[in-house]
Amino acid sequence: MAYLSDPKETIAILQKYHFAFQKKFGQNFLIDAHVLDKITDAAGVTDEDVVLEIGPGIGTMTQVLCERAKEVIAVEIDRNLIPILAEDTCRAYDNLTIINDDILRTDIDALVRERGGRPIKVVANLPYYITTPIVMGLLEKHIPVQNITVMVQREVAERMQAKPGSKDYGALSLAVQYYADTYIAAYVPPNCFMPRPGVGSAVIRLTLLEKPPVEVKDEAVLFAVIRAAFAQRRKMLVNSLAGSAELGCTKEAAAAALASAGLPETVRGEALTLAQFAELANLLS
């Protein structure tokens, strides 16, 4: 069996099936064996693992995962790719389940329960336009997941692991870091894909925490405070909080909470740590 990390093999498969890339699905197929190894090594895939692969495409990474993992569940939205996976590139693997579905509508929890409930590993080369909804969906639903190792736009990976005060720091940084430890395993140039994307990519691993690093009375209030803080990031936090319809607090209440947390009224959201946001949320609950 030919491995699809060889560009010639990828081209041959695409021509054989007269496959046309769908812009609406953000399809960019990996054609670099070194990067495939980086992803699976970062995920720490072993022969005891169940792996959920989101968007297998023609099966480039699926082949590697099937050889390393106990079982692979591949969820692919493009029905034109299903026969390529099932009848050609991955037909040799009996530890592969292929599901033709939108990952945002897939009951991942049920898939995990059907396999005994042991935490799974998620691996994906994610379409850039839908990275955040997919990652946040996996984190917020508290699905039994050990780690999530994904190829994303470089800028998004850097935002996920950004620290307070940096230009990349924002609501996504705080949301991801509330649920997981972050590690950028590799930076990937456009020439590792077919077709080439217009920007660089990165492989980031999110290792889920057993419990969040901060204690909050109400997660919903914490994330409402964070969203308000970065809705207009140049505004002072007191005005952002008072202007949030979601929070429904007065400027006086916002100012009092900031004072109680030992923060100046002129502070902006980009300066606060996750712990400071948690303290504010608890004061405003």
# chains A, B, ... in the order shown; residues from 1 in each chain; ligands from 1
>>> select_by_dssp(residues="range 154-269 of chain A", states="strand (DSSP E or B)", output="ChimeraX atom specification")
/A:180-188,193-194,201-208
>>> select_by_dssp(residues="range 158-241 of chain A", states="alpha helix (DSSP H)", output="NGL selection string")
:A and (158-160 or 171-179 or 219-231 or 237-241)
>>> write_last_selection(atoms="N, CA and C atoms", output="PDB file, in the first residue's frame")
ATOM      1  N   GLU A 158      -0.880  30.485  18.280  1.00  0.00           N
ATOM      2  CA  GLU A 158      -0.186  31.453  19.143  1.00  0.00           C
ATOM      3  C   GLU A 158      -1.174  32.178  20.058  1.00  0.00           C
ATOM      4  N   ARG A 159      -2.394  32.396  19.579  1.00  0.00           N
ATOM      5  CA  ARG A 159      -3.424  33.004  20.430  1.00  0.00           C
ATOM      6  C   ARG A 159      -3.830  32.050  21.552  1.00  0.00           C
ATOM      7  N   MET A 160      -3.892  30.748  21.244  1.00  0.00           N
ATOM      8  CA  MET A 160      -4.297  29.765  22.255  1.00  0.00           C
ATOM      9  C   MET A 160      -3.336  29.731  23.437  1.00  0.00           C
ATOM     10  N   ALA A 171      -9.731  36.404  24.423  1.00  0.00           N
ATOM     11  CA  ALA A 171     -10.756  35.495  24.952  1.00  0.00           C
ATOM     12  C   ALA A 171     -10.433  34.030  24.642  1.00  0.00           C
ATOM     13  N   LEU A 172      -9.891  33.756  23.445  1.00  0.00           N
ATOM     14  CA  LEU A 172      -9.558  32.370  23.082  1.00  0.00           C
ATOM     15  C   LEU A 172      -8.439  31.836  23.983  1.00  0.00           C
ATOM     16  N   SER A 173      -7.425  32.661  24.261  1.00  0.00           N
ATOM     17  CA  SER A 173      -6.317  32.251  25.140  1.00  0.00           C
ATOM     18  C   SER A 173      -6.864  31.802  26.485  1.00  0.00           C
ATOM     19  N   LEU A 174      -7.719  32.615  27.077  1.00  0.00           N
ATOM     20  CA  LEU A 174      -8.255  32.346  28.410  1.00  0.00           C
ATOM     21  C   LEU A 174      -9.178  31.128  28.410  1.00  0.00           C
ATOM     22  N   ALA A 175     -10.008  31.015  27.388  1.00  0.00           N
ATOM     23  CA  ALA A 175     -10.942  29.888  27.314  1.00  0.00           C
ATOM     24  C   ALA A 175     -10.186  28.562  27.210  1.00  0.00           C
ATOM     25  N   VAL A 176      -9.183  28.522  26.326  1.00  0.00           N
ATOM     26  CA  VAL A 176      -8.412  27.286  26.150  1.00  0.00           C
ATOM     27  C   VAL A 176      -7.626  26.955  27.423  1.00  0.00           C
ATOM     28  N   GLN A 177      -6.987  27.981  28.012  1.00  0.00           N
ATOM     29  CA  GLN A 177      -6.130  27.742  29.187  1.00  0.00           C
ATOM     30  C   GLN A 177      -6.938  27.427  30.451  1.00  0.00           C
ATOM     31  N   TYR A 178      -8.220  27.704  30.450  1.00  0.00           N
ATOM     32  CA  TYR A 178      -9.092  27.312  31.558  1.00  0.00           C
ATOM     33  C   TYR A 178      -9.268  25.786  31.579  1.00  0.00           C
ATOM     34  N   TYR A 179      -9.230  25.182  30.371  1.00  0.00           N
ATOM     35  CA  TYR A 179      -9.484  23.747  30.266  1.00  0.00           C
ATOM     36  C   TYR A 179      -8.238  22.893  30.053  1.00  0.00           C
ATOM     37  N   GLU A 219     -19.204  29.286  35.890  1.00  0.00           N
ATOM     38  CA  GLU A 219     -18.405  29.360  34.658  1.00  0.00           C
ATOM     39  C   GLU A 219     -19.009  30.343  33.662  1.00  0.00           C
ATOM     40  N   ALA A 220     -20.332  30.371  33.587  1.00  0.00           N
ATOM     41  CA  ALA A 220     -21.003  31.251  32.621  1.00  0.00           C
ATOM     42  C   ALA A 220     -20.652  32.718  32.873  1.00  0.00           C
ATOM     43  N   VAL A 221     -20.579  33.103  34.160  1.00  0.00           N
ATOM     44  CA  VAL A 221     -20.232  34.485  34.506  1.00  0.00           C
ATOM     45  C   VAL A 221     -18.772  34.762  34.139  1.00  0.00           C
ATOM     46  N   LEU A 222     -17.891  33.794  34.414  1.00  0.00           N
ATOM     47  CA  LEU A 222     -16.475  33.970  34.057  1.00  0.00           C
ATOM     48  C   LEU A 222     -16.326  34.265  32.571  1.00  0.00           C
ATOM     49  N   PHE A 223     -16.977  33.452  31.727  1.00  0.00           N
ATOM     50  CA  PHE A 223     -16.805  33.635  30.291  1.00  0.00           C
ATOM     51  C   PHE A 223     -17.539  34.881  29.777  1.00  0.00           C
ATOM     52  N   ALA A 224     -18.592  35.283  30.462  1.00  0.00           N
ATOM     53  CA  ALA A 224     -19.264  36.545  30.111  1.00  0.00           C
ATOM     54  C   ALA A 224     -18.335  37.729  30.403  1.00  0.00           C
ATOM     55  N   VAL A 225     -17.620  37.677  31.538  1.00  0.00           N
ATOM     56  CA  VAL A 225     -16.654  38.731  31.900  1.00  0.00           C
ATOM     57  C   VAL A 225     -15.528  38.774  30.864  1.00  0.00           C
ATOM     58  N   ILE A 226     -15.021  37.607  30.484  1.00  0.00           N
ATOM     59  CA  ILE A 226     -13.934  37.537  29.499  1.00  0.00           C
ATOM     60  C   ILE A 226     -14.389  38.086  28.142  1.00  0.00           C
ATOM     61  N   ARG A 227     -15.580  37.679  27.703  1.00  0.00           N
ATOM     62  CA  ARG A 227     -16.093  38.174  26.415  1.00  0.00           C
ATOM     63  C   ARG A 227     -16.250  39.690  26.442  1.00  0.00           C
ATOM     64  N   ALA A 228     -16.782  40.208  27.546  1.00  0.00           N
ATOM     65  CA  ALA A 228     -16.965  41.657  27.674  1.00  0.00           C
ATOM     66  C   ALA A 228     -15.620  42.371  27.616  1.00  0.00           C
ATOM     67  N   ALA A 229     -14.615  41.808  28.275  1.00  0.00           N
ATOM     68  CA  ALA A 229     -13.291  42.438  28.356  1.00  0.00           C
ATOM     69  C   ALA A 229     -12.626  42.582  26.990  1.00  0.00           C
ATOM     70  N   PHE A 230     -12.896  41.622  26.082  1.00  0.00           N
ATOM     71  CA  PHE A 230     -12.209  41.645  24.792  1.00  0.00           C
ATOM     72  C   PHE A 230     -13.118  42.014  23.622  1.00  0.00           C
ATOM     73  N   ALA A 231     -14.376  42.379  23.909  1.00  0.00           N
ATOM     74  CA  ALA A 231     -15.284  42.796  22.828  1.00  0.00           C
ATOM     75  C   ALA A 231     -14.723  44.047  22.152  1.00  0.00           C
ATOM     76  N   LEU A 237     -11.598  48.311  31.262  1.00  0.00           N
ATOM     77  CA  LEU A 237     -12.406  47.156  31.660  1.00  0.00           C
ATOM     78  C   LEU A 237     -13.698  47.575  32.368  1.00  0.00           C
ATOM     79  N   VAL A 238     -13.627  48.621  33.173  1.00  0.00           N
ATOM     80  CA  VAL A 238     -14.823  49.073  33.901  1.00  0.00           C
ATOM     81  C   VAL A 238     -15.953  49.422  32.932  1.00  0.00           C
ATOM     82  N   ASN A 239     -15.601  50.056  31.806  1.00  0.00           N
ATOM     83  CA  ASN A 239     -16.610  50.420  30.796  1.00  0.00           C
ATOM     84  C   ASN A 239     -17.092  49.195  30.012  1.00  0.00           C
ATOM     85  N   SER A 240     -16.164  48.267  29.745  1.00  0.00           N
ATOM     86  CA  SER A 240     -16.535  47.040  29.022  1.00  0.00           C
ATOM     87  C   SER A 240     -17.527  46.206  29.831  1.00  0.00           C
ATOM     88  N   LEU A 241     -17.270  46.096  31.142  1.00  0.00           N
ATOM     89  CA  LEU A 241     -18.156  45.310  32.011  1.00  0.00           C
ATOM     90  C   LEU A 241     -19.529  45.964  32.128  1.00  0.00           C
TER      91      LEU A 241
END
>>> atom_distance(atom1="CA of Val145 in chain A", atom2="CA of Ile103 in chain A")
14.9 Å
>>> atom_distance(atom1="CA of Thr149 in chain A", atom2="CA of Leu209 in chain A")
14.5 Å
>>> closest_residue(among="A:Val35, A:Ile98, A:Thr106, A:Leu139", to="Ser201 in chain A", atoms="only C-alpha atoms")
A:Val35
>>> atom_distance(atom1="CA of Met136 in chain A", atom2="CA of Val45 in chain A")
22.0 Å
>>> residues_around(residues="Asp109 in chain A", least_positions_apart="2", cutoff="9 Å", atoms="only C-alpha atoms", output="list in words")
Thr106, Asp107, Leu111, Val112, Arg113, Glu114, Gly117, Lys141, His142, Ile143 and Pro144 of chain A
>>> write_last_selection(atoms="N, CA and C atoms", output="PDB file, in the first residue's frame")
ATOM      1  N   THR A 106     -21.880  15.731  15.657  1.00  0.00           N
ATOM      2  CA  THR A 106     -21.618  14.335  16.033  1.00  0.00           C
ATOM      3  C   THR A 106     -21.684  14.177  17.553  1.00  0.00           C
ATOM      4  N   ASP A 107     -22.333  13.122  18.009  1.00  0.00           N
ATOM      5  CA  ASP A 107     -22.409  12.841  19.448  1.00  0.00           C
ATOM      6  C   ASP A 107     -21.130  12.101  19.856  1.00  0.00           C
ATOM      7  N   LEU A 111     -19.963   8.098  21.242  1.00  0.00           N
ATOM      8  CA  LEU A 111     -18.895   7.292  20.635  1.00  0.00           C
ATOM      9  C   LEU A 111     -17.912   6.806  21.703  1.00  0.00           C
ATOM     10  N   VAL A 112     -17.601   7.687  22.653  1.00  0.00           N
ATOM     11  CA  VAL A 112     -16.671   7.326  23.731  1.00  0.00           C
ATOM     12  C   VAL A 112     -17.308   6.286  24.660  1.00  0.00           C
ATOM     13  N   ARG A 113     -18.587   6.509  25.014  1.00  0.00           N
ATOM     14  CA  ARG A 113     -19.287   5.568  25.911  1.00  0.00           C
ATOM     15  C   ARG A 113     -19.373   4.170  25.303  1.00  0.00           C
ATOM     16  N   GLU A 114     -19.630   4.116  23.992  1.00  0.00           N
ATOM     17  CA  GLU A 114     -19.727   2.825  23.292  1.00  0.00           C
ATOM     18  C   GLU A 114     -18.422   2.032  23.376  1.00  0.00           C
ATOM     19  N   GLY A 117     -15.811   4.250  27.638  1.00  0.00           N
ATOM     20  CA  GLY A 117     -15.722   5.507  28.377  1.00  0.00           C
ATOM     21  C   GLY A 117     -14.322   5.983  28.714  1.00  0.00           C
ATOM     22  N   LYS A 141     -17.836  20.795  26.333  1.00  0.00           N
ATOM     23  CA  LYS A 141     -18.816  19.726  26.572  1.00  0.00           C
ATOM     24  C   LYS A 141     -18.327  18.686  27.577  1.00  0.00           C
ATOM     25  N   HIS A 142     -17.095  18.873  28.075  1.00  0.00           N
ATOM     26  CA  HIS A 142     -16.534  17.963  29.085  1.00  0.00           C
ATOM     27  C   HIS A 142     -16.578  16.503  28.626  1.00  0.00           C
ATOM     28  N   ILE A 143     -16.286  16.289  27.336  1.00  0.00           N
ATOM     29  CA  ILE A 143     -16.205  14.929  26.783  1.00  0.00           C
ATOM     30  C   ILE A 143     -14.921  14.288  27.324  1.00  0.00           C
ATOM     31  N   PRO A 144     -14.930  12.978  27.623  1.00  0.00           N
ATOM     32  CA  PRO A 144     -13.703  12.335  28.114  1.00  0.00           C
ATOM     33  C   PRO A 144     -12.603  12.323  27.034  1.00  0.00           C
TER      34      PRO A 144
END
>>> residues_around(residues="range 4-19 of chain A", least_positions_apart="6", cutoff="10 Å", atoms="only C-alpha atoms", output="PyMOL selection string")
chain A and resi 29-36+58-64+80-81+83-84+88-89+192-194
>>> closest_residue(among="A:Met151, A:Ile120, A:Ala42, A:Val135", to="Asn28 in chain A", atoms="only C-alpha atoms")
A:Met151
>>> closest_residue(among="A:Tyr187, A:Tyr3, A:Phe21, A:Tyr93", to="Ile204 in chain A", atoms="only C-alpha atoms")
A:Tyr187
>>> closest_residue(among="A:Tyr169, A:Gln232, A:Thr273, A:Asn125", to="Ala202 in chain A", atoms="only C-alpha atoms")
A:Asn125
>>> residues_around(residues="Met236 in chain A", least_positions_apart="6", cutoff="9 Å", atoms="only C-alpha atoms", output="JSON, numbers by chain")
{"A": [229, 265, 266, 267, 268, 269]}
>>> write_last_selection(atoms="C-alpha atoms", output="CSV table (one decimal), in the first residue's frame")
chain,number,residue,atom,x,y,z
A,229,ALA,CA,-13.3,42.4,28.4
A,265,GLU,CA,-10.3,51.5,37.4
A,266,THR,CA,-8.2,52.3,34.3
A,267,VAL,CA,-7.1,48.7,33.7
A,268,ARG,CA,-7.8,46.9,30.4
A,269,GLY,CA,-8.8,43.3,30.0
>>> residues_around(residues="range 99-102 of chain A", least_positions_apart="5", cutoff="12 Å", atoms="only C-alpha atoms", output="VMD selection string")
chain A and resid 25 52 to 57 72 to 83 85 to 86 107 to 108 111 130 134
>>> write_last_selection(atoms="C-alpha atoms", output="short mmCIF file (atom, residue, chain, number, x, y, z; two decimals), in the first residue's frame")
data_model
loop_
_atom_site.label_atom_id
_atom_site.label_comp_id
_atom_site.auth_asym_id
_atom_site.auth_seq_id
_atom_site.Cartn_x
_atom_site.Cartn_y
_atom_site.Cartn_z
CA PHE A 25 -14.82 22.64 3.64
CA LEU A 52 -10.91 10.47 16.98
CA GLU A 53 -9.68 12.00 13.73
CA ILE A 54 -11.62 15.03 12.53
CA GLY A 55 -11.54 15.56 8.76
CA PRO A 56 -9.42 12.63 7.51
CA GLY A 57 -9.57 13.86 3.91
CA VAL A 72 -9.48 5.14 14.90
CA ILE A 73 -12.84 6.87 14.43
CA ALA A 74 -12.65 9.18 11.42
CA VAL A 75 -15.42 11.79 11.02
CA GLU A 76 -15.53 13.32 7.52
CA ILE A 77 -18.11 15.86 6.36
CA ASP A 78 -17.45 15.53 2.58
CA ARG A 79 -19.36 12.50 1.30
CA ASN A 80 -17.19 12.47 -1.85
CA LEU A 81 -14.24 11.38 0.30
CA ILE A 82 -15.98 8.40 1.93
CA PRO A 83 -15.47 5.92 -0.97
CA LEU A 85 -11.24 6.18 2.39
CA ALA A 86 -13.39 3.05 2.62
CA ASP A 107 -22.41 12.84 19.45
CA ILE A 108 -18.78 12.29 20.47
CA LEU A 111 -18.90 7.29 20.63
CA ILE A 130 -14.02 26.47 11.85
CA ILE A 134 -14.54 22.68 16.99
#
